[in-house]
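Undergrad: Next up is a structure, given as structure tokens.
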Amino acid sequence: MGTVTPFPLPQGRPSQIGFERLELTRILDLYGRMVSAGHWRDYAIELGQDAAVFAAFRRAAERPEFRIEKRPALRQKQGMWALVGEHGAVLKRGQELSPVLAPIERRLMKLVDE
């Protein structure tokens with residue numbers, strides 16, 4: 001009694017992929033600006049074994065307008081960050097988060113400019 005047996009994890013691979021604090025801060029900052037511009041209304045975060053996904057919605061009852069995916073397994077190949085559109089097409093891939101978010105940033109500038 002009183003013995004704690006640790007649950008075995010796969011070697012070399014975390015059980016769940018997540019966003020680091022600075023990454024999530026950058027994403028939520030963009031989300032807040034899109035909300036204040038009246039374009040987005042809701043978001044969801046999914047943390048899985050292969051990827052962490054931030055999805056932004058125009059309305060809660062629809063498919064997400066954009067998904068920001070972090071897949072560390074693709075770090076050496078295509079880049080671990082991906083911006084996925086509403087219909088599942090990959091709009092931008094990269095090693096860094098900022099260039100992947102650039103198309104949304106440009107869209108925000110157009111929304112504010114109008």
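Residues are referred to by chain and number: the chain letter is A, B, ... according to the order shown in the structure tokens, the number counts from 1 in that chain, and ligands are numbered separately from 1 in the order shown.
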Do a neighbour search on stretch 52-59 of chain A at 7 Å with only C-alpha atoms, toss out local chain neighbours closer than 2 positions, and write the hits as a PyMOL selection string.

TA: chain A and resi 17-19+39-48+61-71

Undergrad: Return as a tab-separated table the residues of stretch 21-51 of chain A lying at most 12 Å from stretch 73-94 of chain A, together with the closest atom-to-atom pair for each and the distance in Å to one decimal, counting only C-alpha atoms, with rows in chain order and ascending residue number.

TA:
residue	atom	partner	partner_atom	distance
A:Glu23	CA	A:Trp81	CA	10.8
A:Ile27	CA	A:Leu83	CA	11.7
A:Gln49	CA	A:Ala73	CA	10.5
A:Asp50	CA	A:Ala73	CA	7.5
A:Ala51	CA	A:Ala73	CA	8.6

Undergrad: Write the selection just made, keeping N, CA and C atoms, as a PDB file, in the first residue's frame?

TA:
ATOM      1  N   GLU A  23       4.016  30.766 -28.217  1.00  0.00           N
ATOM      2  CA  GLU A  23       3.233  30.424 -29.406  1.00  0.00           C
ATOM      3  C   GLU A  23       1.754  30.711 -29.173  1.00  0.00           C
ATOM      4  N   ILE A  27      -0.789  33.431 -31.032  1.00  0.00           N
ATOM      5  CA  ILE A  27      -2.035  33.014 -31.678  1.00  0.00           C
ATOM      6  C   ILE A  27      -3.237  33.717 -31.049  1.00  0.00           C
ATOM      7  N   GLN A  49      -1.964  13.461 -29.900  1.00  0.00           N
ATOM      8  CA  GLN A  49      -0.663  12.800 -29.881  1.00  0.00           C
ATOM      9  C   GLN A  49       0.213  13.227 -31.048  1.00  0.00           C
ATOM     10  N   ASP A  50      -0.393  13.563 -32.180  1.00  0.00           N
ATOM     11  CA  ASP A  50       0.375  13.933 -33.368  1.00  0.00           C
ATOM     12  C   ASP A  50       0.452  15.432 -33.600  1.00  0.00           C
ATOM     13  N   ALA A  51      -0.569  16.172 -33.144  1.00  0.00           N
ATOM     14  CA  ALA A  51      -0.634  17.600 -33.471  1.00  0.00           C
ATOM     15  C   ALA A  51      -1.391  18.368 -32.396  1.00  0.00           C
TER      16      ALA A  51
END

Undergrad: Among stretch 39-114 of chain A, which residues carry a DSSP assignment of strand (DSSP E or B), reported as JSON, numbers by chain?

TA: {"A": [42, 43, 44, 45, 46, 47, 52, 53, 54, 55, 56, 57, 66, 67, 68, 69, 70, 81, 82, 83, 84, 90, 91, 92, 93, 94]}

Undergrad: With N, CA, C and O atoms kept, could you save the residues just selected as a CSV table (one decimal), in the first residue's frame?

TA:
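Output below, filename result_11.csv:
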chain,number,residue,atom,x,y,z
A,42,ASP,N,-15.5,32.6,-32.2
A,42,ASP,CA,-15.2,31.5,-31.3
A,42,ASP,C,-13.9,30.8,-31.7
A,42,ASP,O,-13.5,31.0,-32.8
A,43,TYR,N,-13.4,30.0,-30.8
A,43,TYR,CA,-12.2,29.2,-31.1
A,43,TYR,C,-12.3,27.9,-30.4
A,43,TYR,O,-13.0,27.7,-29.4
A,44,ALA,N,-11.4,26.9,-30.8
A,44,ALA,CA,-11.3,25.6,-30.2
A,44,ALA,C,-9.8,25.2,-30.2
A,44,ALA,O,-9.1,25.6,-31.2
A,45,ILE,N,-9.4,24.5,-29.2
A,45,ILE,CA,-8.0,24.0,-29.2
A,45,ILE,C,-8.1,22.5,-29.0
A,45,ILE,O,-8.8,22.0,-28.1
A,46,GLU,N,-7.4,21.8,-29.8
A,46,GLU,CA,-7.3,20.3,-29.7
A,46,GLU,C,-5.9,19.9,-29.6
A,46,GLU,O,-5.0,20.3,-30.4
A,47,LEU,N,-5.6,19.2,-28.5
A,47,LEU,CA,-4.2,18.7,-28.2
A,47,LEU,C,-4.2,17.2,-28.3
A,47,LEU,O,-4.9,16.5,-27.5
A,52,ALA,N,-1.1,19.7,-32.4
A,52,ALA,CA,-1.9,20.6,-31.6
A,52,ALA,C,-2.5,21.6,-32.6
A,52,ALA,O,-1.9,22.0,-33.5
A,53,VAL,N,-3.9,21.8,-32.4
A,53,VAL,CA,-4.6,22.5,-33.4
A,53,VAL,C,-5.4,23.6,-32.7
A,53,VAL,O,-6.1,23.4,-31.7
A,54,PHE,N,-5.3,24.9,-33.3
A,54,PHE,CA,-6.1,26.0,-32.9
A,54,PHE,C,-7.0,26.3,-34.0
A,54,PHE,O,-6.5,26.6,-35.1
A,55,ALA,N,-8.3,26.2,-33.8
A,55,ALA,CA,-9.3,26.5,-34.8
A,55,ALA,C,-10.1,27.8,-34.5
A,55,ALA,O,-10.5,27.9,-33.4
A,56,ALA,N,-10.2,28.6,-35.5
A,56,ALA,CA,-11.0,29.9,-35.3
A,56,ALA,C,-12.2,29.8,-36.2
A,56,ALA,O,-12.2,29.5,-37.3
A,57,PHE,N,-13.3,30.2,-35.6
A,57,PHE,CA,-14.7,30.1,-36.2
A,57,PHE,C,-15.3,31.5,-36.4
A,57,PHE,O,-15.2,32.4,-35.5
A,66,PHE,N,-10.2,29.0,-40.2
A,66,PHE,CA,-8.7,28.7,-40.3
A,66,PHE,C,-8.4,27.7,-39.1
A,66,PHE,O,-9.0,27.8,-38.0
A,67,ARG,N,-7.4,26.8,-39.4
A,67,ARG,CA,-6.8,26.0,-38.4
A,67,ARG,C,-5.3,26.2,-38.4
A,67,ARG,O,-4.7,26.2,-39.5
A,68,ILE,N,-4.8,26.5,-37.3
A,68,ILE,CA,-3.3,26.6,-37.1
A,68,ILE,C,-2.8,25.3,-36.5
A,68,ILE,O,-3.2,25.1,-35.3
A,69,GLU,N,-2.0,24.6,-37.2
A,69,GLU,CA,-1.6,23.3,-36.7
A,69,GLU,C,-0.1,23.2,-36.4
A,69,GLU,O,0.7,23.8,-37.2
A,70,LYS,N,0.2,22.6,-35.4
A,70,LYS,CA,1.6,22.4,-35.0
A,70,LYS,C,1.9,20.9,-35.0
A,70,LYS,O,1.3,20.1,-34.2
A,81,TRP,N,4.6,24.0,-38.7
A,81,TRP,CA,3.5,24.9,-38.6
A,81,TRP,C,2.7,24.8,-40.0
A,81,TRP,O,3.3,24.8,-41.0
A,82,ALA,N,1.4,24.8,-39.9
A,82,ALA,CA,0.6,24.8,-41.1
A,82,ALA,C,-0.7,25.7,-40.8
A,82,ALA,O,-1.2,25.6,-39.8
A,83,LEU,N,-1.0,26.4,-41.9
A,83,LEU,CA,-2.3,27.2,-41.8
A,83,LEU,C,-3.2,26.5,-42.8
A,83,LEU,O,-2.9,26.4,-44.0
A,84,VAL,N,-4.3,26.0,-42.3
A,84,VAL,CA,-5.3,25.2,-43.1
A,84,VAL,C,-6.6,26.0,-43.2
A,84,VAL,O,-7.1,26.5,-42.2
A,90,VAL,N,-4.2,23.2,-47.4
A,90,VAL,CA,-3.1,23.8,-46.6
A,90,VAL,C,-2.7,25.1,-47.4
A,90,VAL,O,-2.3,25.1,-48.5
A,91,LEU,N,-2.9,26.3,-46.7
A,91,LEU,CA,-2.6,27.6,-47.3
A,91,LEU,C,-1.2,28.0,-47.2
A,91,LEU,O,-0.6,28.7,-48.0
A,92,LYS,N,-0.5,27.6,-46.1
A,92,LYS,CA,0.8,28.0,-45.8
A,92,LYS,C,1.5,27.0,-44.9
A,92,LYS,O,0.8,26.6,-43.9
A,93,ARG,N,2.7,26.7,-45.1
A,93,ARG,CA,3.5,25.8,-44.2
A,93,ARG,C,4.8,26.5,-43.9
A,93,ARG,O,5.3,27.3,-44.7
A,94,GLY,N,5.4,26.2,-42.7
A,94,GLY,CA,6.7,26.8,-42.4
A,94,GLY,C,7.3,26.3,-41.2
A,94,GLY,O,6.7,25.6,-40.4

Undergrad: Quick one, how far is atom CA of A:Ser98 from atom CA of A:Arg21?

TA: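 Distance reported for this atom pair: 14.7 Å.
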
Undergrad: For a test of reading the model, state the distance in Å between atom CA of A:Tyr31 and atom CA of A:Gln95, rounded to one decimal.

TA: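 Atom CA of A:Gln95 lies at a distance of 20.7 Å from atom CA of A:Tyr31.
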